[in-house]
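**Student:** Input file: run-v2.txt. Contents: compact mmCIF, N, CA and C atoms.
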```txt
# COMPACT_ATOMS: atom_id res chain seq x y z
N MET A 1 22.88 -36.87 -8.18
CA MET A 1 23.67 -36.23 -9.20
C MET A 1 25.13 -36.60 -9.08
N SER A 2 25.50 -37.49 -8.18
CA SER A 2 26.91 -37.80 -8.00
C SER A 2 27.50 -38.50 -9.22
N GLY A 3 26.65 -39.09 -10.08
CA GLY A 3 27.14 -39.77 -11.27
C GLY A 3 27.38 -38.81 -12.43
N LEU A 4 26.97 -37.56 -12.32
CA LEU A 4 27.13 -36.60 -13.41
C LEU A 4 28.54 -36.04 -13.42
N PRO A 5 29.05 -35.75 -14.58
CA PRO A 5 30.37 -35.11 -14.65
C PRO A 5 30.32 -33.75 -13.95
N ALA A 6 31.46 -33.32 -13.41
CA ALA A 6 31.54 -32.07 -12.65
C ALA A 6 31.06 -30.88 -13.47
N ALA A 7 31.39 -30.80 -14.75
CA ALA A 7 31.00 -29.66 -15.58
C ALA A 7 29.49 -29.58 -15.71
N ARG A 8 28.83 -30.71 -15.87
CA ARG A 8 27.37 -30.71 -16.01
C ARG A 8 26.71 -30.28 -14.70
N ARG A 9 27.24 -30.75 -13.56
CA ARG A 9 26.71 -30.34 -12.26
C ARG A 9 26.83 -28.84 -12.09
N THR A 10 27.95 -28.28 -12.50
CA THR A 10 28.17 -26.84 -12.38
C THR A 10 27.15 -26.08 -13.22
N VAL A 11 26.90 -26.53 -14.43
CA VAL A 11 25.92 -25.88 -15.30
C VAL A 11 24.53 -25.96 -14.68
N LEU A 12 24.15 -27.14 -14.17
CA LEU A 12 22.82 -27.30 -13.57
C LEU A 12 22.66 -26.42 -12.33
N LYS A 13 23.69 -26.35 -11.49
CA LYS A 13 23.63 -25.47 -10.31
C LYS A 13 23.50 -24.02 -10.73
N GLY A 14 24.26 -23.63 -11.74
CA GLY A 14 24.20 -22.25 -12.23
C GLY A 14 22.82 -21.91 -12.77
N ALA A 15 22.22 -22.83 -13.49
CA ALA A 15 20.88 -22.60 -14.04
C ALA A 15 19.86 -22.47 -12.92
N ALA A 16 19.98 -23.32 -11.91
CA ALA A 16 19.04 -23.24 -10.78
C ALA A 16 19.19 -21.92 -10.04
N LEU A 17 20.42 -21.49 -9.81
CA LEU A 17 20.65 -20.21 -9.13
C LEU A 17 20.16 -19.03 -9.96
N ALA A 18 20.37 -19.08 -11.25
CA ALA A 18 19.91 -17.99 -12.13
C ALA A 18 18.38 -17.91 -12.10
N GLY A 19 17.73 -19.06 -12.11
CA GLY A 19 16.26 -19.07 -12.05
C GLY A 19 15.76 -18.49 -10.74
N ALA A 20 16.38 -18.86 -9.64
CA ALA A 20 15.98 -18.33 -8.33
C ALA A 20 16.23 -16.83 -8.26
N ALA A 21 17.34 -16.37 -8.80
CA ALA A 21 17.64 -14.94 -8.79
C ALA A 21 16.62 -14.18 -9.63
N GLY A 22 16.20 -14.76 -10.74
CA GLY A 22 15.19 -14.12 -11.59
C GLY A 22 13.87 -14.00 -10.87
N LEU A 23 13.47 -15.03 -10.13
CA LEU A 23 12.24 -14.96 -9.36
C LEU A 23 12.33 -13.89 -8.29
N GLY A 24 13.47 -13.80 -7.63
CA GLY A 24 13.66 -12.77 -6.61
C GLY A 24 13.58 -11.38 -7.20
N ALA A 25 14.17 -11.18 -8.35
CA ALA A 25 14.14 -9.87 -9.00
C ALA A 25 12.72 -9.52 -9.42
N ALA A 26 11.98 -10.50 -9.90
CA ALA A 26 10.61 -10.24 -10.32
C ALA A 26 9.73 -9.90 -9.12
N ALA A 27 9.97 -10.56 -8.00
CA ALA A 27 9.17 -10.30 -6.81
C ALA A 27 9.43 -8.92 -6.25
N CYS A 28 10.60 -8.37 -6.49
CA CYS A 28 10.94 -7.06 -5.93
C CYS A 28 11.21 -6.07 -7.06
N SER A 29 10.46 -6.18 -8.12
CA SER A 29 10.61 -5.31 -9.28
C SER A 29 10.27 -3.87 -8.92
N THR A 30 10.83 -2.93 -9.65
CA THR A 30 10.50 -1.53 -9.41
C THR A 30 9.23 -1.14 -10.14
N ASP A 31 8.67 -2.03 -10.95
CA ASP A 31 7.38 -1.74 -11.58
C ASP A 31 6.32 -1.72 -10.49
N SER A 32 5.55 -0.64 -10.45
CA SER A 32 4.52 -0.54 -9.43
C SER A 32 3.28 -1.30 -9.87
N LYS A 33 2.59 -1.83 -8.89
CA LYS A 33 1.37 -2.57 -9.14
C LYS A 33 0.53 -2.53 -7.87
N LEU A 34 -0.63 -3.07 -7.92
CA LEU A 34 -1.49 -3.04 -6.75
C LEU A 34 -1.24 -4.20 -5.82
N GLY A 35 -0.24 -4.99 -6.10
CA GLY A 35 0.20 -5.99 -5.16
C GLY A 35 -0.68 -7.22 -5.10
N HIS A 36 -0.72 -7.82 -3.93
CA HIS A 36 -1.31 -9.14 -3.75
C HIS A 36 -2.83 -9.15 -3.67
N ALA A 37 -3.43 -8.14 -3.06
CA ALA A 37 -4.88 -8.14 -2.92
C ALA A 37 -5.53 -7.83 -4.26
N GLN A 38 -6.58 -8.53 -4.58
CA GLN A 38 -7.27 -8.27 -5.83
C GLN A 38 -8.02 -6.95 -5.78
N THR A 39 -8.46 -6.55 -4.60
CA THR A 39 -9.17 -5.29 -4.44
C THR A 39 -8.50 -4.46 -3.36
N PRO A 40 -7.63 -3.51 -3.75
CA PRO A 40 -6.91 -2.72 -2.77
C PRO A 40 -7.75 -1.64 -2.09
N THR A 41 -9.01 -1.49 -2.52
CA THR A 41 -9.90 -0.51 -1.91
C THR A 41 -11.18 -1.23 -1.49
N PRO A 42 -11.93 -0.66 -0.55
CA PRO A 42 -13.17 -1.31 -0.11
C PRO A 42 -14.13 -1.53 -1.28
N THR A 43 -14.82 -2.65 -1.26
CA THR A 43 -15.79 -2.96 -2.31
C THR A 43 -17.21 -2.60 -1.89
N ALA A 44 -17.37 -2.22 -0.63
CA ALA A 44 -18.66 -1.79 -0.09
C ALA A 44 -18.35 -0.69 0.93
N PRO A 45 -19.32 0.17 1.23
CA PRO A 45 -19.07 1.22 2.22
C PRO A 45 -18.67 0.63 3.58
N VAL A 46 -17.64 1.23 4.19
CA VAL A 46 -17.20 0.81 5.52
C VAL A 46 -17.15 2.03 6.42
N GLU A 47 -17.68 1.86 7.63
CA GLU A 47 -17.63 2.94 8.61
C GLU A 47 -16.25 2.92 9.26
N LEU A 48 -15.61 4.09 9.28
CA LEU A 48 -14.26 4.18 9.82
C LEU A 48 -14.23 4.67 11.27
N GLY A 49 -15.22 5.43 11.67
CA GLY A 49 -15.23 5.97 13.03
C GLY A 49 -15.47 7.47 13.00
N SER A 50 -15.28 8.08 14.13
CA SER A 50 -15.53 9.50 14.29
C SER A 50 -14.59 10.34 13.43
N ALA A 51 -15.14 11.34 12.77
CA ALA A 51 -14.33 12.24 11.95
C ALA A 51 -13.32 13.00 12.80
N ASP A 52 -13.62 13.17 14.07
CA ASP A 52 -12.71 13.88 14.98
C ASP A 52 -11.39 13.16 15.18
N GLU A 53 -11.32 11.89 14.84
CA GLU A 53 -10.09 11.11 14.99
C GLU A 53 -9.03 11.48 13.96
N VAL A 54 -9.45 12.16 12.88
CA VAL A 54 -8.51 12.57 11.83
C VAL A 54 -8.14 14.02 12.09
N PRO A 55 -6.87 14.31 12.43
CA PRO A 55 -6.50 15.69 12.76
C PRO A 55 -6.52 16.60 11.52
N VAL A 56 -6.99 17.83 11.71
CA VAL A 56 -6.96 18.80 10.62
C VAL A 56 -5.50 19.04 10.25
N GLY A 57 -5.20 18.93 8.96
CA GLY A 57 -3.82 19.06 8.49
C GLY A 57 -3.02 17.78 8.60
N GLY A 58 -3.65 16.70 9.03
CA GLY A 58 -2.95 15.42 9.20
C GLY A 58 -3.73 14.28 8.56
N ALA A 59 -3.39 13.07 8.96
CA ALA A 59 -4.03 11.88 8.39
C ALA A 59 -4.08 10.77 9.43
N LYS A 60 -4.97 9.82 9.19
CA LYS A 60 -5.11 8.66 10.07
C LYS A 60 -5.18 7.40 9.22
N LEU A 61 -4.47 6.38 9.67
CA LEU A 61 -4.46 5.08 9.00
C LEU A 61 -5.52 4.18 9.63
N TYR A 62 -6.37 3.61 8.81
CA TYR A 62 -7.35 2.60 9.22
C TYR A 62 -6.89 1.29 8.60
N ARG A 63 -5.94 0.66 9.25
CA ARG A 63 -5.25 -0.50 8.70
C ARG A 63 -6.20 -1.66 8.42
N GLU A 64 -7.10 -1.93 9.34
CA GLU A 64 -8.02 -3.06 9.17
C GLU A 64 -8.90 -2.89 7.93
N GLN A 65 -9.29 -1.65 7.64
CA GLN A 65 -10.12 -1.38 6.47
C GLN A 65 -9.29 -1.08 5.22
N ARG A 66 -7.96 -1.06 5.35
CA ARG A 66 -7.02 -0.79 4.25
C ARG A 66 -7.26 0.59 3.63
N VAL A 67 -7.51 1.59 4.50
CA VAL A 67 -7.79 2.95 4.05
C VAL A 67 -7.00 3.92 4.91
N VAL A 68 -6.56 5.02 4.29
CA VAL A 68 -5.96 6.13 5.02
C VAL A 68 -6.76 7.38 4.66
N VAL A 69 -7.06 8.20 5.67
CA VAL A 69 -7.87 9.41 5.45
C VAL A 69 -7.07 10.61 5.90
N SER A 70 -7.04 11.65 5.05
CA SER A 70 -6.41 12.91 5.43
C SER A 70 -7.49 13.98 5.54
N CYS A 71 -7.16 15.03 6.30
CA CYS A 71 -8.08 16.14 6.51
C CYS A 71 -7.32 17.44 6.22
N PRO A 72 -7.30 17.88 4.94
CA PRO A 72 -6.54 19.08 4.59
C PRO A 72 -7.08 20.35 5.24
N ALA A 73 -8.38 20.41 5.49
CA ALA A 73 -9.02 21.55 6.16
C ALA A 73 -10.23 21.02 6.91
N ALA A 74 -10.67 21.77 7.90
CA ALA A 74 -11.81 21.33 8.71
C ALA A 74 -12.99 20.95 7.83
N GLY A 75 -13.52 19.75 8.03
CA GLY A 75 -14.67 19.27 7.29
C GLY A 75 -14.37 18.72 5.90
N GLN A 76 -13.11 18.74 5.48
CA GLN A 76 -12.72 18.19 4.16
C GLN A 76 -11.91 16.92 4.37
N TYR A 77 -12.28 15.86 3.66
CA TYR A 77 -11.59 14.59 3.84
C TYR A 77 -11.23 13.99 2.48
N LYS A 78 -10.08 13.35 2.43
CA LYS A 78 -9.63 12.61 1.25
C LYS A 78 -9.20 11.25 1.75
N ALA A 79 -9.52 10.22 0.99
CA ALA A 79 -9.15 8.86 1.39
C ALA A 79 -8.43 8.16 0.24
N PHE A 80 -7.52 7.27 0.63
CA PHE A 80 -6.73 6.50 -0.33
C PHE A 80 -6.59 5.07 0.19
N SER A 81 -6.30 4.16 -0.72
CA SER A 81 -5.98 2.80 -0.32
C SER A 81 -4.72 2.84 0.55
N ALA A 82 -4.66 1.99 1.55
CA ALA A 82 -3.48 1.90 2.40
C ALA A 82 -2.58 0.75 1.96
N GLN A 83 -2.80 0.27 0.74
CA GLN A 83 -2.01 -0.83 0.20
C GLN A 83 -0.98 -0.27 -0.77
N CYS A 84 0.30 -0.49 -0.48
CA CYS A 84 1.39 0.01 -1.30
C CYS A 84 1.25 -0.48 -2.74
N THR A 85 1.49 0.41 -3.68
CA THR A 85 1.35 0.07 -5.10
C THR A 85 2.58 -0.63 -5.65
N HIS A 86 3.60 -0.84 -4.83
CA HIS A 86 4.79 -1.57 -5.29
C HIS A 86 4.59 -3.07 -5.18
N ALA A 87 4.40 -3.57 -3.97
CA ALA A 87 4.29 -5.01 -3.78
C ALA A 87 3.04 -5.42 -3.01
N GLY A 88 2.19 -4.45 -2.69
CA GLY A 88 0.91 -4.78 -2.07
C GLY A 88 0.91 -4.85 -0.56
N CYS A 89 2.00 -4.48 0.10
CA CYS A 89 2.02 -4.49 1.56
C CYS A 89 1.13 -3.36 2.09
N LEU A 90 0.60 -3.55 3.29
CA LEU A 90 -0.18 -2.49 3.93
C LEU A 90 0.76 -1.48 4.58
N LEU A 91 0.41 -0.21 4.45
CA LEU A 91 1.17 0.81 5.15
C LEU A 91 1.10 0.50 6.64
N ASP A 92 2.19 0.81 7.36
CA ASP A 92 2.20 0.50 8.79
C ASP A 92 2.07 1.71 9.68
N LYS A 93 2.32 2.91 9.14
CA LYS A 93 2.18 4.10 9.97
C LYS A 93 2.10 5.34 9.11
N VAL A 94 1.56 6.39 9.73
CA VAL A 94 1.48 7.70 9.11
C VAL A 94 2.20 8.66 10.04
N GLU A 95 3.16 9.38 9.49
CA GLU A 95 3.89 10.39 10.26
C GLU A 95 3.67 11.72 9.56
N GLY A 96 2.97 12.64 10.22
CA GLY A 96 2.62 13.89 9.57
C GLY A 96 1.69 13.58 8.42
N ASN A 97 2.12 13.91 7.23
CA ASN A 97 1.32 13.62 6.03
C ASN A 97 2.00 12.61 5.12
N GLU A 98 2.85 11.76 5.70
CA GLU A 98 3.52 10.72 4.93
C GLU A 98 3.17 9.34 5.47
N GLY A 99 2.79 8.46 4.55
CA GLY A 99 2.52 7.08 4.91
C GLY A 99 3.73 6.23 4.56
N ASN A 100 4.02 5.26 5.39
CA ASN A 100 5.20 4.42 5.24
C ASN A 100 4.82 2.98 4.93
N CYS A 101 5.51 2.40 3.94
CA CYS A 101 5.36 0.98 3.65
C CYS A 101 6.54 0.26 4.31
N PRO A 102 6.27 -0.70 5.19
CA PRO A 102 7.34 -1.38 5.92
C PRO A 102 8.12 -2.39 5.09
N CYS A 103 7.61 -2.79 3.94
CA CYS A 103 8.26 -3.86 3.17
C CYS A 103 9.50 -3.41 2.42
N HIS A 104 9.41 -2.30 1.69
CA HIS A 104 10.55 -1.87 0.88
C HIS A 104 10.85 -0.39 1.03
N GLY A 105 10.18 0.30 1.96
CA GLY A 105 10.51 1.69 2.27
C GLY A 105 9.81 2.74 1.42
N SER A 106 8.82 2.36 0.63
CA SER A 106 8.10 3.38 -0.14
C SER A 106 7.38 4.32 0.82
N ARG A 107 7.28 5.59 0.42
CA ARG A 107 6.58 6.60 1.21
C ARG A 107 5.61 7.33 0.30
N PHE A 108 4.44 7.67 0.87
CA PHE A 108 3.37 8.30 0.09
C PHE A 108 2.89 9.57 0.78
N ASP A 109 2.50 10.55 -0.04
CA ASP A 109 1.88 11.78 0.45
C ASP A 109 0.42 11.44 0.77
N MET A 110 0.01 11.63 2.00
CA MET A 110 -1.34 11.25 2.41
C MET A 110 -2.40 12.25 1.96
N THR A 111 -2.00 13.41 1.46
CA THR A 111 -2.98 14.38 0.97
C THR A 111 -3.29 14.19 -0.51
N THR A 112 -2.39 13.51 -1.24
CA THR A 112 -2.58 13.31 -2.68
C THR A 112 -2.49 11.84 -3.09
N GLY A 113 -1.91 10.99 -2.25
CA GLY A 113 -1.68 9.60 -2.60
C GLY A 113 -0.41 9.39 -3.40
N LYS A 114 0.27 10.47 -3.78
CA LYS A 114 1.46 10.41 -4.63
C LYS A 114 2.61 9.67 -3.94
N ALA A 115 3.32 8.85 -4.72
CA ALA A 115 4.52 8.17 -4.22
C ALA A 115 5.64 9.20 -4.09
N LEU A 116 6.18 9.32 -2.88
CA LEU A 116 7.26 10.28 -2.61
C LEU A 116 8.63 9.63 -2.68
N GLN A 117 8.68 8.36 -2.32
CA GLN A 117 9.95 7.63 -2.29
C GLN A 117 9.68 6.21 -2.75
N GLY A 118 10.52 5.71 -3.64
CA GLY A 118 10.35 4.37 -4.20
C GLY A 118 10.79 3.29 -3.27
N PRO A 119 10.56 2.10 -3.75
CA PRO A 119 10.41 1.70 -5.14
C PRO A 119 9.04 1.98 -5.78
N ALA A 120 7.99 2.25 -5.02
CA ALA A 120 6.69 2.53 -5.63
C ALA A 120 6.78 3.81 -6.46
N THR A 121 6.14 3.79 -7.62
CA THR A 121 6.10 4.97 -8.49
C THR A 121 4.66 5.40 -8.78
N VAL A 122 3.71 4.52 -8.56
CA VAL A 122 2.30 4.78 -8.85
C VAL A 122 1.63 5.28 -7.57
N PRO A 123 0.76 6.31 -7.68
CA PRO A 123 0.07 6.81 -6.48
C PRO A 123 -0.91 5.78 -5.92
N LEU A 124 -1.26 5.97 -4.65
CA LEU A 124 -2.27 5.13 -4.02
C LEU A 124 -3.62 5.43 -4.67
N PRO A 125 -4.43 4.42 -4.93
CA PRO A 125 -5.76 4.67 -5.50
C PRO A 125 -6.63 5.46 -4.52
N SER A 126 -7.38 6.43 -5.05
CA SER A 126 -8.28 7.19 -4.17
C SER A 126 -9.50 6.35 -3.84
N VAL A 127 -10.10 6.67 -2.70
CA VAL A 127 -11.27 5.96 -2.20
C VAL A 127 -12.32 7.03 -1.87
N PRO A 128 -13.54 6.88 -2.35
CA PRO A 128 -14.57 7.85 -1.97
C PRO A 128 -14.76 7.84 -0.46
N VAL A 129 -14.95 9.03 0.13
CA VAL A 129 -15.17 9.14 1.57
C VAL A 129 -16.17 10.26 1.81
N LYS A 130 -17.04 10.05 2.82
CA LYS A 130 -18.00 11.09 3.17
C LYS A 130 -18.22 11.10 4.68
N LEU A 131 -18.71 12.23 5.13
CA LEU A 131 -19.06 12.41 6.53
C LEU A 131 -20.55 12.14 6.66
N GLU A 132 -20.90 11.23 7.55
CA GLU A 132 -22.30 10.84 7.72
C GLU A 132 -22.60 10.74 9.21
N GLY A 133 -23.34 11.72 9.74
CA GLY A 133 -23.68 11.71 11.16
C GLY A 133 -22.46 11.76 12.06
N GLY A 134 -21.45 12.53 11.68
CA GLY A 134 -20.24 12.67 12.49
C GLY A 134 -19.24 11.55 12.30
N LYS A 135 -19.58 10.56 11.48
CA LYS A 135 -18.68 9.42 11.24
C LYS A 135 -18.22 9.43 9.78
N LEU A 136 -17.00 8.93 9.56
CA LEU A 136 -16.47 8.81 8.22
C LEU A 136 -16.89 7.45 7.64
N VAL A 137 -17.33 7.48 6.39
CA VAL A 137 -17.69 6.27 5.66
C VAL A 137 -16.89 6.30 4.36
N ALA A 138 -16.19 5.19 4.07
CA ALA A 138 -15.36 5.12 2.87
C ALA A 138 -15.81 3.95 2.01
N GLY A 139 -15.60 4.10 0.71
CA GLY A 139 -15.92 3.03 -0.22
C GLY A 139 -16.93 3.47 -1.26
N PRO A 140 -17.34 2.55 -2.12
CA PRO A 140 -18.28 2.88 -3.18
C PRO A 140 -19.58 3.48 -2.60
N GLY A 141 -20.07 4.51 -3.24
CA GLY A 141 -21.29 5.14 -2.78
C GLY A 141 -21.09 6.15 -1.68
N ALA A 142 -19.87 6.27 -1.22
CA ALA A 142 -19.60 7.25 -0.15
C ALA A 142 -19.49 8.63 -0.73
```
Kindly present the structure from the file in structure tokens form.

**Tutor:**
Amino acid sequence: MSGLPAARRTVLKGAALAGAAGLGAAACSTDSKLGHAQTPTPTAPVELGSADEVPVGGAKLYREQRVVVSCPAAGQYKAFSAQCTHAGCLLDKVEGNEGNCPCHGSRFDMTTGKALQGPATVPLPSVPVKLEGGKLVAGPGA
């Protein structure tokens, strides 16, 4: 580009920077979505482990299965996708009844799936869950 006039080089650089900035803004948009995974919830039943691992009044993250399970009362379980609805990152921890997304700081209520803090605005999708022989099973048919 050394043969181009300075004004044309400036315009081309500006256009390239504007395009890159637009891509960055689109990648970190405040519009909520299910992110990168095509299926943010299990497509088949998955065994999560002993129901005793989920504290009554609390929640447990099953990161490998992309599921979080809460236990609002003894013997009652609710499950949600552990994939943030903003950009599709997996939640990294549960503190009390709040799940945290490490990518952009979204926080979710683990008893309802509701987004508590943005940029995510859409709740986590619910996942069917059942108790079977003392173990939790999540996914379709659960």

**Student:** If you run DSSP on the backbone, which residues of stretch 92-134 of chain A are strand (DSSP E), as an MDAnalysis selection string?

**Tutor:** chainID A and resid 93:95 98:100 107:109 115:117 126:127 129:132

**Student:** Name the residues within 6 Å of (3.9, 2.2, -5.9), counting all atoms listed in the file in the file's coordinates, and put them as a VMD selection string.

**Tutor:** chain A and resid 32 to 33 84 to 86 119 to 123

**Student:** Could you list, as a list in words, every residue within 8 Å of A:Pro125, counting all atoms listed in the file and ignoring same-chain residues fewer than 6 positions away?

**Tutor:** Pro40, Thr41, Ala79, Phe80, Ser81, Ala82, Gln83, Cys84, Thr85, Thr112, Gly113 and Lys114 of chain A

**Student:** To one decimal place in Å, what is the distance between atom C of A:Gly99 and atom N of A:Tyr77?

**Tutor:**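 Result for atom C of A:Gly99 versus atom N of A:Tyr77: 18.7 Å, one decimal.
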
**Student:** Please write N, CA, C and O atoms of stretch 103-115 of chain A, from the structure given just now, as a PDB file, in the first residue's frame.

**Tutor:**
```pdb
ATOM      1  N   CYS A 103     -17.479 -15.548  31.643  1.00  0.00           N
ATOM      2  CA  CYS A 103     -17.113 -14.793  30.443  1.00  0.00           C
ATOM      3  C   CYS A 103     -17.446 -13.309  30.519  1.00  0.00           C
ATOM      4  O   CYS A 103     -16.609 -12.478  30.206  1.00  0.00           O
ATOM      5  N   HIS A 104     -18.669 -12.975  30.918  1.00  0.00           N
ATOM      6  CA  HIS A 104     -19.077 -11.569  30.930  1.00  0.00           C
ATOM      7  C   HIS A 104     -19.768 -11.166  32.219  1.00  0.00           C
ATOM      8  O   HIS A 104     -20.331 -10.074  32.303  1.00  0.00           O
ATOM      9  N   GLY A 105     -19.793 -12.051  33.218  1.00  0.00           N
ATOM     10  CA  GLY A 105     -20.321 -11.696  34.536  1.00  0.00           C
ATOM     11  C   GLY A 105     -21.814 -11.878  34.735  1.00  0.00           C
ATOM     12  O   GLY A 105     -22.350 -11.430  35.741  1.00  0.00           O
ATOM     13  N   SER A 106     -22.499 -12.532  33.810  1.00  0.00           N
ATOM     14  CA  SER A 106     -23.926 -12.776  34.023  1.00  0.00           C
ATOM     15  C   SER A 106     -24.104 -13.680  35.236  1.00  0.00           C
ATOM     16  O   SER A 106     -23.266 -14.540  35.515  1.00  0.00           O
ATOM     17  N   ARG A 107     -25.207 -13.457  35.962  1.00  0.00           N
ATOM     18  CA  ARG A 107     -25.536 -14.278  37.127  1.00  0.00           C
ATOM     19  C   ARG A 107     -26.981 -14.730  36.994  1.00  0.00           C
ATOM     20  O   ARG A 107     -27.822 -13.998  36.497  1.00  0.00           O
ATOM     21  N   PHE A 108     -27.239 -15.968  37.435  1.00  0.00           N
ATOM     22  CA  PHE A 108     -28.558 -16.576  37.287  1.00  0.00           C
ATOM     23  C   PHE A 108     -29.050 -17.124  38.623  1.00  0.00           C
ATOM     24  O   PHE A 108     -28.263 -17.630  39.415  1.00  0.00           O
ATOM     25  N   ASP A 109     -30.367 -17.048  38.831  1.00  0.00           N
ATOM     26  CA  ASP A 109     -31.013 -17.649  39.991  1.00  0.00           C
ATOM     27  C   ASP A 109     -31.128 -19.146  39.704  1.00  0.00           C
ATOM     28  O   ASP A 109     -31.763 -19.548  38.722  1.00  0.00           O
ATOM     29  N   MET A 110     -30.542 -19.973  40.542  1.00  0.00           N
ATOM     30  CA  MET A 110     -30.524 -21.409  40.296  1.00  0.00           C
ATOM     31  C   MET A 110     -31.846 -22.083  40.643  1.00  0.00           C
ATOM     32  O   MET A 110     -32.051 -23.240  40.300  1.00  0.00           O
ATOM     33  N   THR A 111     -32.765 -21.380  41.300  1.00  0.00           N
ATOM     34  CA  THR A 111     -34.063 -21.970  41.609  1.00  0.00           C
ATOM     35  C   THR A 111     -35.094 -21.708  40.514  1.00  0.00           C
ATOM     36  O   THR A 111     -36.083 -22.415  40.414  1.00  0.00           O
ATOM     37  N   THR A 112     -34.841 -20.694  39.676  1.00  0.00           N
ATOM     38  CA  THR A 112     -35.785 -20.348  38.611  1.00  0.00           C
ATOM     39  C   THR A 112     -35.135 -20.296  37.229  1.00  0.00           C
ATOM     40  O   THR A 112     -35.836 -20.288  36.224  1.00  0.00           O
ATOM     41  N   GLY A 113     -33.817 -20.187  37.167  1.00  0.00           N
ATOM     42  CA  GLY A 113     -33.105 -20.015  35.905  1.00  0.00           C
ATOM     43  C   GLY A 113     -33.058 -18.571  35.443  1.00  0.00           C
ATOM     44  O   GLY A 113     -32.398 -18.243  34.463  1.00  0.00           O
ATOM     45  N   LYS A 114     -33.742 -17.675  36.154  1.00  0.00           N
ATOM     46  CA  LYS A 114     -33.847 -16.269  35.759  1.00  0.00           C
ATOM     47  C   LYS A 114     -32.488 -15.567  35.773  1.00  0.00           C
ATOM     48  O   LYS A 114     -31.675 -15.772  36.672  1.00  0.00           O
ATOM     49  N   ALA A 115     -32.258 -14.716  34.772  1.00  0.00           N
ATOM     50  CA  ALA A 115     -31.043 -13.895  34.722  1.00  0.00           C
ATOM     51  C   ALA A 115     -31.173 -12.796  35.775  1.00  0.00           C
ATOM     52  O   ALA A 115     -32.131 -12.033  35.771  1.00  0.00           O
TER      53      ALA A 115
END
```
